[in-house]
$ cat upload_5.cif   # mmCIF, C-alpha atoms
data_final
#
loop_
_atom_site.label_atom_id
_atom_site.label_comp_id
_atom_site.auth_asym_id
_atom_site.auth_seq_id
_atom_site.Cartn_x
_atom_site.Cartn_y
_atom_site.Cartn_z
CA MET X 94 0.00 0.00 0.00
CA ALA X 95 1.20 3.47 -0.83
CA SER X 96 2.47 5.53 2.03
CA LEU X 97 0.45 8.36 3.52
CA ASP X 98 2.68 10.97 1.96
CA ASP X 99 2.33 9.46 -1.51
CA LEU X 100 -1.44 9.38 -1.22
CA LYS X 101 -1.51 12.98 -0.12
CA LYS X 102 0.55 14.01 -3.10
CA ARG X 103 -1.64 12.11 -5.49
CA ILE X 104 -4.81 13.63 -4.10
CA SER X 105 -3.49 17.12 -4.50
CA SER X 106 -2.24 16.44 -8.03
CA VAL X 107 -5.58 14.99 -9.11
CA LYS X 108 -7.29 17.99 -7.57
CA SER X 109 -5.20 20.43 -9.53
CA THR X 110 -5.80 18.50 -12.75
CA GLN X 111 -9.47 18.72 -11.99
CA LYS X 112 -9.16 22.47 -11.70
CA ILE X 113 -7.57 22.62 -15.12
CA THR X 114 -10.19 20.47 -16.80
CA LYS X 115 -12.92 22.49 -15.14
CA ALA X 116 -11.42 25.73 -16.44
CA MET X 117 -11.06 24.25 -19.93
CA LYS X 118 -14.69 23.25 -19.85
CA MET X 119 -15.73 26.77 -18.94
CA VAL X 120 -13.61 28.26 -21.71
CA ALA X 121 -14.95 25.77 -24.22
CA ALA X 122 -18.52 26.56 -23.18
CA ALA X 123 -17.97 30.27 -23.72
CA LYS X 124 -16.27 29.69 -27.06
CA LEU X 125 -18.96 27.25 -28.08
CA ARG X 126 -21.64 29.87 -27.75
CA ARG X 127 -19.71 32.20 -30.02
CA ALA X 128 -18.87 29.48 -32.54
CA GLN X 129 -22.46 28.32 -32.63
CA GLU X 130 -23.66 31.86 -33.23
CA SER X 131 -21.32 32.40 -36.12
CA ALA X 132 -22.21 29.02 -37.58
CA GLU X 133 -25.85 30.03 -37.53
CA LYS X 134 -25.14 33.47 -38.92
CA GLY X 135 -23.10 31.98 -41.73
CA ARG X 136 -25.89 29.74 -42.90
CA PRO X 137 -27.95 32.24 -44.96
CA TYR X 138 -24.97 32.97 -47.21
CA SER X 139 -24.20 29.38 -48.10
CA GLU X 140 -27.88 28.55 -48.50
CA LYS X 141 -28.53 31.48 -50.82
CA MET X 142 -25.40 30.70 -52.77
CA ASN X 143 -26.49 27.12 -53.17
CA ASN X 144 -29.93 28.16 -54.30
CA ILE X 145 -28.65 30.53 -56.93
CA ILE X 146 -26.30 27.91 -58.29
CA LEU X 147 -29.06 25.32 -58.44
CA ASN X 148 -31.29 27.79 -60.24
CA LEU X 149 -28.50 28.56 -62.64
CA SER X 150 -27.53 25.01 -63.34
CA ASN X 151 -31.15 24.11 -64.00
CA GLY X 152 -31.28 26.86 -66.56
CA ILE X 153 -28.08 25.96 -68.28
CA SER X 154 -28.72 24.98 -71.85
CA ASP X 155 -25.56 23.33 -73.02
CA ILE X 156 -24.49 20.61 -70.62
CA GLU X 157 -21.51 19.69 -72.78
CA ASN X 158 -19.91 23.06 -72.41
CA ALA X 159 -20.82 23.58 -68.78
CA PRO X 160 -17.95 24.69 -66.56
CA LYS X 161 -15.76 21.81 -65.47
CA LEU X 162 -16.27 22.64 -61.81
CA LEU X 163 -19.94 21.77 -62.25
CA SER X 164 -19.83 18.82 -64.57
CA GLY X 165 -16.46 17.35 -63.59
CA THR X 166 -13.66 16.26 -65.84
CA GLY X 167 -15.60 13.25 -67.00
CA GLU X 168 -13.16 10.98 -65.23
CA ASP X 169 -12.98 9.50 -61.79
CA LYS X 170 -9.35 8.52 -61.38
CA VAL X 171 -7.71 10.93 -59.01
CA HIS X 172 -9.46 11.82 -55.78
CA LEU X 173 -8.54 14.80 -53.69
CA CYS X 174 -9.66 14.68 -50.07
CA VAL X 175 -9.62 17.74 -47.87
CA VAL X 176 -9.60 16.56 -44.27
CA MET X 177 -10.51 19.32 -41.86
CA THR X 178 -9.52 18.89 -38.24
CA SER X 179 -8.64 21.09 -35.31
CA ASP X 180 -5.29 22.56 -34.32
CA ARG X 181 -5.66 21.69 -30.68
CA GLY X 182 -6.09 18.43 -28.87
CA LEU X 183 -8.02 17.49 -25.74
CA CYS X 184 -11.35 17.56 -27.49
CA GLY X 185 -12.55 13.99 -27.09
CA GLY X 186 -13.24 12.01 -30.21
CA PHE X 187 -13.55 15.06 -32.43
CA ASN X 188 -10.47 14.52 -34.59
CA THR X 189 -10.53 10.74 -34.38
CA ASN X 190 -14.07 10.62 -35.72
CA ILE X 191 -13.20 12.66 -38.81
CA ILE X 192 -10.07 10.61 -39.42
CA LYS X 193 -11.98 7.36 -39.02
CA LYS X 194 -14.54 8.46 -41.58
CA ALA X 195 -11.83 9.65 -43.93
CA LYS X 196 -9.81 6.43 -43.61
CA ILE X 197 -12.77 4.30 -44.62
CA PHE X 198 -13.13 6.47 -47.70
CA PHE X 199 -9.40 6.31 -48.45
CA GLN X 200 -9.40 2.52 -48.29
CA LYS X 201 -12.33 2.36 -50.67
CA ILE X 202 -10.57 4.61 -53.14
CA LEU X 203 -7.25 2.82 -52.94
CA GLY X 204 -9.06 -0.50 -53.13
CA ASP X 205 -10.61 0.59 -56.42
CA GLY X 206 -7.14 1.27 -57.77
CA LYS X 207 -7.62 5.02 -57.90
CA THR X 208 -5.10 7.66 -56.96
CA LEU X 209 -5.49 9.43 -53.66
CA LYS X 210 -4.30 12.90 -52.78
CA ILE X 211 -4.86 14.48 -49.40
CA ILE X 212 -4.87 18.03 -48.13
CA THR X 213 -5.01 18.35 -44.37
CA VAL X 214 -6.43 21.44 -42.74
CA GLY X 215 -5.50 21.64 -39.07
CA SER X 216 -2.41 20.11 -37.54
CA LYS X 217 -4.10 17.27 -35.64
CA GLY X 218 -5.33 15.65 -38.83
CA TYR X 219 -1.83 15.72 -40.26
CA ASP X 220 -0.39 14.14 -37.12
CA GLN X 221 -2.83 11.27 -37.29
CA LEU X 222 -2.58 10.65 -41.03
CA LYS X 223 1.10 11.09 -41.69
CA ARG X 224 2.14 7.63 -40.56
CA VAL X 225 -0.10 5.64 -42.89
CA TYR X 226 -0.88 8.11 -45.66
CA GLY X 227 2.22 10.29 -45.46
CA ASP X 228 3.02 9.85 -49.14
CA ASN X 229 -0.47 10.86 -50.21
CA ILE X 230 -0.50 14.16 -48.38
CA ILE X 231 0.28 16.87 -50.88
CA GLU X 232 -0.43 19.89 -48.74
CA ARG X 233 -0.90 20.71 -45.09
CA ILE X 234 -2.57 23.87 -43.98
CA SER X 235 -2.95 25.15 -40.48
CA PHE X 236 -4.64 28.26 -39.16
CA LYS X 237 -3.10 28.22 -35.72
CA ASP X 238 -2.53 31.95 -35.80
CA SER X 239 -6.00 33.11 -36.69
CA LYS X 240 -8.15 33.45 -33.63
CA ASN X 241 -11.56 33.09 -35.20
CA VAL X 242 -12.71 31.27 -38.26
CA ASN X 243 -12.80 33.80 -41.04
CA TYR X 244 -13.73 33.75 -44.68
CA PHE X 245 -10.30 34.69 -45.93
CA ASP X 246 -8.76 31.55 -44.48
CA ALA X 247 -11.44 29.49 -46.17
CA ASP X 248 -10.82 31.38 -49.38
CA LYS X 249 -7.13 30.45 -49.22
CA VAL X 250 -8.00 26.76 -49.03
CA GLY X 251 -10.55 27.20 -51.79
CA LYS X 252 -8.01 28.87 -54.07
CA ILE X 253 -5.52 26.06 -53.53
CA VAL X 254 -8.16 23.49 -54.43
CA ILE X 255 -9.23 25.37 -57.55
CA GLU X 256 -5.68 25.96 -58.67
CA LYS X 257 -4.99 22.25 -58.44
CA PHE X 258 -8.19 21.49 -60.30
CA GLU X 259 -7.25 23.81 -63.12
CA LYS X 260 -3.89 22.12 -63.38
CA LYS X 261 -5.85 18.88 -63.75
CA GLU X 262 -4.25 17.37 -60.68
CA PHE X 263 -7.46 15.65 -59.61
CA ASP X 264 -10.94 14.75 -60.85
CA VAL X 265 -13.09 14.56 -57.74
CA CYS X 266 -12.80 16.56 -54.54
CA THR X 267 -14.36 15.58 -51.24
CA ILE X 268 -14.20 17.43 -47.94
CA PHE X 269 -14.40 15.86 -44.49
CA TYR X 270 -15.62 17.74 -41.46
CA ASN X 271 -17.79 17.39 -38.38
CA GLN X 272 -21.30 18.69 -38.52
CA PHE X 273 -22.47 20.24 -35.30
CA LYS X 274 -25.73 18.77 -34.11
CA ASN X 275 -25.56 19.47 -30.41
CA VAL X 276 -23.02 19.48 -27.62
CA ILE X 277 -22.93 15.71 -27.31
CA THR X 278 -23.43 14.76 -30.95
CA GLN X 279 -21.22 15.75 -33.83
CA ILE X 280 -21.65 13.88 -37.07
CA PRO X 281 -18.61 13.37 -39.29
CA GLN X 282 -19.51 14.29 -42.85
CA GLU X 283 -18.11 13.65 -46.27
CA GLN X 284 -19.22 16.09 -48.90
CA GLN X 285 -18.30 16.10 -52.54
CA ILE X 286 -17.66 19.61 -53.78
CA ILE X 287 -16.17 18.96 -57.23
CA PRO X 288 -18.04 18.12 -59.37
CA LEU X 289 -20.98 19.71 -57.67
CA ASN X 290 -23.91 17.54 -56.79
CA THR X 291 -26.87 19.28 -58.41
CA SER X 292 -29.34 16.45 -58.32
CA GLU X 293 -31.23 18.00 -55.44
CA LYS X 294 -33.88 20.45 -56.51
CA ALA X 295 -33.59 24.06 -55.53
CA GLU X 296 -36.23 24.98 -53.03
CA ASN X 297 -38.85 27.29 -54.48
CA SER X 298 -37.29 26.71 -57.86
CA SER X 299 -40.17 27.84 -59.95
CA GLU X 300 -40.14 27.97 -63.69
CA ASP X 301 -38.94 31.49 -63.23
CA ASN X 302 -37.28 32.96 -66.18
CA TYR X 303 -34.33 34.83 -64.89
CA GLU X 304 -32.60 37.50 -66.79
CA PHE X 305 -28.89 36.86 -66.72
CA GLU X 306 -26.26 39.45 -67.09
CA PRO X 307 -23.80 38.39 -68.41
CA GLU X 308 -24.64 34.92 -69.80
CA GLU X 309 -25.37 31.93 -67.56
CA ASP X 310 -22.09 30.22 -68.35
CA GLU X 311 -20.07 33.23 -67.45
CA ILE X 312 -21.89 33.79 -64.17
CA LEU X 313 -21.50 30.13 -63.32
CA SER X 314 -17.81 30.06 -64.02
CA ASN X 315 -17.46 33.04 -61.72
CA LEU X 316 -19.76 31.71 -59.07
CA LEU X 317 -18.50 28.15 -58.77
CA PRO X 318 -15.05 28.98 -57.39
CA LYS X 319 -16.74 31.19 -54.82
CA ASN X 320 -19.06 28.37 -53.94
CA ILE X 321 -16.08 26.12 -53.21
CA SER X 322 -14.74 28.66 -50.74
CA THR X 323 -18.18 29.07 -49.25
CA GLN X 324 -18.61 25.35 -48.73
CA ILE X 325 -15.20 25.16 -47.11
CA PHE X 326 -16.05 28.12 -44.94
CA LYS X 327 -19.28 26.46 -43.87
CA ALA X 328 -17.35 23.31 -43.02
CA MET X 329 -14.88 25.35 -40.99
CA LEU X 330 -17.67 27.02 -39.03
CA GLU X 331 -19.38 23.72 -38.32
CA ASN X 332 -16.04 22.26 -37.38
CA SER X 333 -15.20 24.98 -34.89
CA ALA X 334 -18.57 24.68 -33.20
CA SER X 335 -18.16 20.90 -33.08
CA GLU X 336 -14.65 21.19 -31.70
CA GLN X 337 -15.76 23.35 -28.82
CA GLY X 338 -18.80 21.21 -28.14
CA SER X 339 -16.72 18.08 -28.17
CA ARG X 340 -14.09 19.61 -25.92
CA MET X 341 -16.74 20.80 -23.52
CA SER X 342 -18.25 17.37 -23.04
CA ALA X 343 -14.82 15.71 -22.90
CA MET X 344 -13.66 18.12 -20.20
CA ASP X 345 -16.91 17.71 -18.33
CA ASN X 346 -16.31 13.96 -18.23
CA ALA X 347 -12.72 14.46 -17.18
CA THR X 348 -13.78 16.73 -14.34
CA ARG X 349 -16.29 14.20 -13.12
CA ASN X 350 -13.79 11.35 -13.33
CA ALA X 351 -11.26 13.38 -11.38
CA GLY X 352 -13.89 13.96 -8.71
CA GLU X 353 -14.51 10.23 -8.40
CA MET X 354 -10.81 9.60 -8.23
CA VAL X 355 -10.37 12.14 -5.44
CA ASP X 356 -13.16 10.48 -3.46
CA LYS X 357 -11.58 7.05 -3.81
CA LEU X 358 -8.14 8.30 -2.92
CA THR X 359 -9.47 10.14 0.10
CA ILE X 360 -11.11 6.99 1.42
CA GLU X 361 -7.88 5.07 0.90
CA TYR X 362 -5.95 7.84 2.60
CA ASN X 363 -8.25 7.83 5.62
CA ARG X 364 -8.12 4.05 5.88
CA SER X 365 -4.37 3.89 5.89
CA ARG X 366 -4.18 6.75 8.35
CA GLN X 367 -6.55 4.84 10.62
CA ALA X 368 -4.47 1.70 10.17
CA ALA X 369 -1.31 3.55 11.09
CA ILE X 370 -2.90 4.93 14.28
CA THR X 371 -4.19 1.52 15.27
CA LYS X 372 -0.82 -0.01 14.65
CA GLU X 373 0.87 2.59 16.81
CA LEU X 374 -1.67 2.04 19.62
CA ILE X 375 -1.08 -1.70 19.55
CA GLU X 376 2.63 -1.13 19.76
CA ILE X 377 2.26 1.21 22.75
CA ILE X 378 -0.11 -1.12 24.56
CA SER X 379 1.96 -4.21 24.02
CA GLY X 380 5.04 -2.26 25.05
CA ALA X 381 3.34 -1.22 28.28
CA GLU X 382 2.16 -4.78 28.97
CA SER X 383 5.61 -6.23 28.72
CA LEU X 384 6.94 -3.94 31.43
CA MET Z 15 -49.26 52.09 -54.43
CA SER Z 16 -46.15 51.49 -52.50
CA GLU Z 17 -42.89 51.60 -54.32
CA GLU Z 18 -40.88 49.70 -51.76
CA TYR Z 19 -39.33 46.28 -51.79
CA SER Z 20 -37.08 44.34 -49.48
CA LEU Z 21 -33.32 44.03 -49.54
CA GLU Z 22 -31.00 41.63 -47.83
CA ILE Z 23 -27.24 41.82 -47.88
CA VAL Z 24 -25.35 38.81 -46.56
CA ASN Z 25 -21.66 38.18 -46.22
CA PRO Z 26 -20.12 34.86 -45.19
CA GLU Z 27 -19.94 35.81 -41.53
CA LYS Z 28 -23.47 37.08 -41.03
CA SER Z 29 -26.51 38.75 -42.47
CA PHE Z 30 -25.12 42.23 -42.93
CA LEU Z 31 -28.18 44.31 -43.62
CA SER Z 32 -31.88 43.74 -44.04
CA LYS Z 33 -34.35 46.41 -45.07
CA ASP Z 34 -38.00 46.46 -46.04
CA ASP Z 35 -38.40 50.03 -47.23
CA VAL Z 36 -36.01 50.24 -50.16
CA THR Z 37 -37.15 52.21 -53.16
CA GLU Z 38 -34.11 51.90 -55.39
CA VAL Z 39 -30.76 50.13 -55.31
CA VAL Z 40 -27.94 50.89 -57.71
CA VAL Z 41 -25.41 48.07 -58.01
CA PRO Z 42 -22.11 47.93 -59.90
CA ALA Z 43 -22.91 44.92 -62.08
CA PHE Z 44 -20.26 43.36 -64.23
CA GLU Z 45 -21.44 44.98 -67.43
CA GLY Z 46 -22.29 48.35 -65.95
CA GLU Z 47 -24.35 49.83 -63.18
CA ILE Z 48 -27.91 48.63 -62.76
CA GLY Z 49 -30.60 50.49 -60.92
CA ILE Z 50 -33.28 48.21 -59.53
CA LEU Z 51 -36.78 49.48 -58.85
CA LYS Z 52 -39.83 47.62 -57.65
CA ASP Z 53 -41.22 44.94 -59.98
CA HIS Z 54 -37.98 44.55 -61.85
CA ILE Z 55 -37.77 41.34 -63.85
CA SER Z 56 -36.06 38.42 -62.04
CA ILE Z 57 -32.37 38.82 -62.54
CA ILE Z 58 -29.12 37.18 -61.52
CA SER Z 59 -25.88 39.01 -62.05
CA PHE Z 60 -22.53 39.41 -60.44
CA LEU Z 61 -20.77 42.50 -59.24
CA LYS Z 62 -17.45 44.08 -59.86
CA PRO Z 63 -15.76 46.15 -57.16
CA GLY Z 64 -17.71 49.36 -56.69
CA ILE Z 65 -20.28 51.29 -54.74
CA ILE Z 66 -23.77 50.09 -53.90
CA LYS Z 67 -26.22 52.93 -53.41
CA ILE Z 68 -29.37 52.23 -51.47
CA PHE Z 69 -32.27 54.66 -51.52
CA SER Z 70 -34.91 54.04 -48.93
CA LYS Z 71 -37.62 55.89 -47.04
CA SER Z 72 -35.19 56.41 -44.19
CA GLY Z 73 -32.49 57.95 -46.35
CA GLU Z 74 -29.64 57.12 -48.64
CA ASP Z 75 -26.72 54.81 -47.90
CA SER Z 76 -23.59 53.91 -49.80
CA TYR Z 77 -21.45 50.82 -49.38
CA TYR Z 78 -18.25 49.64 -50.96
CA VAL Z 79 -18.26 46.02 -52.14
CA ASN Z 80 -15.37 43.90 -53.30
CA ASP Z 81 -17.38 41.45 -55.34
CA GLY Z 82 -20.69 39.72 -55.11
CA ILE Z 83 -23.74 38.18 -56.67
CA ILE Z 84 -27.20 39.66 -56.78
CA GLU Z 85 -30.47 37.89 -57.18
CA PHE Z 86 -33.74 39.75 -57.61
CA LYS Z 87 -36.97 37.81 -57.48
CA ASN Z 88 -40.53 38.55 -56.35
CA ASN Z 89 -39.47 41.95 -55.08
CA ASN Z 90 -36.73 40.50 -52.94
CA LEU Z 91 -33.20 41.58 -53.64
CA SER Z 92 -30.41 39.44 -52.20
CA ILE Z 93 -26.84 40.58 -52.42
CA LEU Z 94 -24.10 38.10 -51.51
CA THR Z 95 -20.69 39.58 -51.05
CA SER Z 96 -17.43 38.61 -49.40
CA LEU Z 97 -16.47 42.10 -48.28
CA ILE Z 98 -18.70 45.10 -47.69
CA LEU Z 99 -17.93 48.41 -45.99
CA ASN Z 100 -20.20 51.28 -45.06
CA LEU Z 101 -18.90 54.47 -46.62
CA LYS Z 102 -20.26 56.62 -43.80
CA HIS Z 103 -17.83 55.44 -41.18
CA ILE Z 104 -15.10 54.05 -43.27
CA ASP Z 105 -11.65 53.21 -42.09
CA LYS Z 106 -9.12 55.02 -44.28
CA GLU Z 107 -6.36 52.60 -43.37
CA LYS Z 108 -8.45 49.61 -44.32
CA ILE Z 109 -9.09 51.12 -47.74
CA LEU Z 110 -5.39 51.75 -48.24
CA GLU Z 111 -4.65 48.19 -47.20
CA ILE Z 112 -7.09 46.73 -49.74
CA LYS Z 113 -5.75 49.05 -52.41
CA LYS Z 114 -2.19 48.03 -51.69
CA SER Z 115 -2.92 44.32 -51.91
CA ALA Z 116 -4.81 44.91 -55.16
CA GLU Z 117 -1.84 46.75 -56.60
CA GLU Z 118 0.48 43.96 -55.55
CA GLU Z 119 -1.80 41.45 -57.21
CA LEU Z 120 -1.83 43.55 -60.35
CA SER Z 121 1.94 43.64 -60.58
CA LYS Z 122 2.07 39.86 -60.83
CA SER Z 123 2.51 38.72 -64.37
CA GLU Z 124 0.36 35.62 -64.61
CA ILE Z 125 -3.09 37.13 -64.26
CA SER Z 126 -5.83 36.93 -66.84
CA ASP Z 127 -7.32 39.92 -68.65
CA GLN Z 128 -10.53 39.64 -66.69
CA GLU Z 129 -8.72 39.68 -63.37
CA LYS Z 130 -6.69 42.64 -64.54
CA TYR Z 131 -9.83 44.48 -65.47
CA LEU Z 132 -11.40 43.79 -62.10
CA LEU Z 133 -8.30 44.87 -60.22
CA ASP Z 134 -8.02 48.07 -62.22
CA GLN Z 135 -11.62 48.77 -61.44
CA LYS Z 136 -11.03 48.11 -57.76
CA ILE Z 137 -8.10 50.49 -57.52
CA GLU Z 138 -10.03 53.15 -59.39
CA VAL Z 139 -12.97 52.92 -57.01
CA LEU Z 140 -10.78 52.91 -53.94
CA LYS Z 141 -8.99 56.00 -55.19
CA SER Z 142 -12.28 57.79 -55.61
CA ILE Z 143 -13.28 56.99 -52.04
CA ASN Z 144 -10.17 58.49 -50.52
#
$ encode --input "upload_5.cif" --output "C-alpha cells"
Amino acid sequence: MASLDDLKKRISSVKSTQKITKAMKMVAAAKLRRAQESAEKGRPYSEKMNNIILNLSNGISDIENAPKLLSGTGEDKVHLCVVMTSDRGLCGGFNTNIIKKAKIFFQKILGDGKTLKIITVGSKGYDQLKRVYGDNIIERISFKDSKNVNYFDADKVGKIVIEKFEKKEFDVCTIFYNQFKNVITQIPQEQQIIPLNTSEKAENSSEDNYEFEPEEDEILSNLLPKNISTQIFKAMLENSASEQGSRMSAMDNATRNAGEMVDKLTIEYNRSRQAAITKELIEIISGAESL
Amino acid sequence: MSEEYSLEIVNPEKSFLSKDDVTEVVVPAFEGEIGILKDHISIISFLKPGIIKIFSKSGEDSYYVNDGIIEFKNNNLSILTSLILNLKHIDKEKILEIKKSAEEELSKSEISDQEKYLLDQKIEVLKSIN
C-alpha cells in the first residue's frame, strides 16, 4: 500500500488536474456559444449561394460546355480529399471521428485502384494521417494563428483546391468535417464539392425565367469557385462549433472522473491513516504490557 | 401604391443588412451599373468592385463592395458579397490596405485579362473613395 505521503501528493495532483479540466470546460462553453452563433449566422450565405447555383444550373442549356467545376472532368481517377480537423487536442473524439470516416473512404478509393491525394487542414489531422498516408498528403494547412474562423482563411484553401483542379491534378474533390448537431453529438460528414452535386432540386425553384447578365455560363464560371470557398467556410464554421462542443463534453467527463478519483483516494488515505494509528496504539499497549 | 421592396445583404460571416423600405438600389454589375426598382424582372448578375447605393424611405446609404452576386426575385433583392464596408464610417487605413494588396496582385505577371480588369476597377474605385 502506498504511504500516507504518496497518497496525499496524489490527491493534490488529481485535484489540480481537476481544476484545469474544469477551467477548460468553462472556456470551451464560452467559445462554443460564439462558434455556434457564427455558424448560424453563416448559414444564410451558403444557403442562398447554393440556391442561386441550383437555379442557374437548372437553366443551363448546353451541358456539354458547362464549366468543369460543375460537370467534372468526365473521369474519376484521381481523388482529392480535404480533411478538416482542429489545431488543438483534448477535445474527445472530435479529430478521431473525422479521421476514421476519412480512412474508410481512403481505403475504398485505394481498393478501387484510384489515386489518392490528401490536403489536411488543421495540424491534428496531419499528425494522425502522416504515418499511414504520409506519401499521399500533398499539402498541409494550419490556421493556428487566426483566432476566429474567417472567410479569408477558407478562401485560401478554396483557391488552392481550384488551382490544383485547373492544373488537372485531380478529378473529384471531397471534404471531411464534423457537422455540429448538439453538444454531445457531432456527425462526421463527407461532402463532394467537385463536381458539384446538383441532383437536389432548388427549393422554391419555380419555372422562373431569370434575366442573366452576363450569360449563364459566365456567371456560373465566376460563381462556382466562390461556392467552393463558401462550402469550405461552412465546413470550418461547423467544425469549430463541433470542436468546442466536443471539448466541452470531454472536459466535463474528465472533471467528473477526477472527482470520483479524489473520493476514492481520500477513502484510501483515511483508511491507511486509521491503520497507522491503530498499529501505533497496539505497539504502545503491548510495550506497556511487557513492562 | 407602395414603391418599396425588401433588400437583404449577406456576407459569409453574417446577415449584414436587411431592409424592407427600399425604393431603389444601384449596383455595380459586371457589365455596368444597374438600378433596380420595384417589380424589376427576375435577374441574376454578379458585381465588380464598386459602390452600392441604397435609396430608402429612411435615407440614402452607400457601401463599398469587393465582389458579389445579386439575385432579384418577387421583389426580394439578395446581395451576396465577401467584403462590404459602409462608406459613412469608413476606415481610411483599411481602404489603403485593400488598395495596396490589389496593386500587388496587379503587378504579378500571370493574371488573366478579366482579373486585370477587375483589379483596375477596384483600384479606381478605392482611389475615388479616398
$ interface_residues --input "upload_5.cif" --of "chain X" --to "chain Z" --cutoff "9 Å" --atoms "only C-alpha atoms" --output "PyMOL selection string"
chain X and resi 131-139+141-142+145+149+243-245+301-309+312+315-316+323+326-327
$ residues_around --input "upload_5.cif" --residues "Tyr131 in chain Z" --least-positions-apart "4" --cutoff "10 Å" --atoms "all atoms listed in the file" --output "list of chain:residue names"
Z:Lys62, Z:Leu120, Z:Ser126, Z:Asp127, Z:Gln135, Z:Lys136
$ atom_distance --input "upload_5.cif" --atom1 "CA of Thr189 in chain X" --atom2 "CA of Thr348 in chain X"
21.2 Å
$ closest_atom_pairs --input "upload_5.cif" --of "range 51-96 of chain Z" --to "range 103-109 of chain Z" --cutoff "12 Å" --atoms "only C-alpha atoms" --output "Markdown table"
| residue | atom | partner | partner_atom | distance |
| --- | --- | --- | --- | --- |
| Z:Asp75 | CA | Z:His103 | CA | 11.2 |
| Z:Ser76 | CA | Z:His103 | CA | 10.5 |
| Z:Tyr77 | CA | Z:Ile104 | CA | 9.4 |
| Z:Tyr78 | CA | Z:Ile104 | CA | 9.4 |
| Z:Val79 | CA | Z:Ile109 | CA | 11.4 |
| Z:Asn80 | CA | Z:Ile109 | CA | 11.1 |
$ resolve_selection --input "upload_5.cif" --expression "the PyMOL selection byres ((chain Z and resi 42) around 6)" --output "list in words"
Val41, Ala43, Glu47, Leu61 and Gly64 of chain Z
$ resolve_selection --input "upload_5.cif" --expression "the PyMOL selection byres ((chain X and resi 337) around 9)" --output "compact mmCIF listing (two decimals) with C-alpha atoms, in the frame of the given file"
# COMPACT_ATOMS: atom_id res chain seq x y z
CA VAL X 120 -13.61 28.26 -21.71
CA ALA X 121 -14.95 25.77 -24.22
CA ALA X 122 -18.52 26.56 -23.18
CA ALA X 123 -17.97 30.27 -23.72
CA LYS X 124 -16.27 29.69 -27.06
CA LEU X 125 -18.96 27.25 -28.08
CA ARG X 126 -21.64 29.87 -27.75
CA ALA X 128 -18.87 29.48 -32.54
CA CYS X 184 -11.35 17.56 -27.49
CA VAL X 276 -23.02 19.48 -27.62
CA ASN X 332 -16.04 22.26 -37.38
CA SER X 333 -15.20 24.98 -34.89
CA ALA X 334 -18.57 24.68 -33.20
CA SER X 335 -18.16 20.90 -33.08
CA GLU X 336 -14.65 21.19 -31.70
CA GLY X 338 -18.80 21.21 -28.14
CA SER X 339 -16.72 18.08 -28.17
CA ARG X 340 -14.09 19.61 -25.92
CA MET X 341 -16.74 20.80 -23.52
CA SER X 342 -18.25 17.37 -23.04
$ closest_residue --input "upload_5.cif" --among "Z:Ala116, Z:Ile125, Z:Ile65, Z:Leu140" --to "Ile98 in chain Z" --atoms "all atoms listed in the file"
Z:Ile65
$ atom_distance --input "upload_5.cif" --atom1 "CA of Gln324 in chain X" --atom2 "CA of Ala247 in chain X"
8.7 Å
$ resolve_selection --input "upload_5.cif" --expression "the PyMOL selection byres ((chain X and resi 161-170) around 6)" --output "ChimeraX atom specification"
/X:160,171,207,264,287-289
$ residues_around --input "upload_5.cif" --residues "Leu51 in chain Z" --least-positions-apart "5" --cutoff "12 Å" --atoms "all atoms listed in the file" --output "VMD selection string"
chain Z and resid 16 to 21 35 to 41 56 68 to 70 86 to 91
$ atom_distance --input "upload_5.cif" --atom1 "CA of Ile212 in chain X" --atom2 "CA of Ile253 in chain X"
9.7 Å
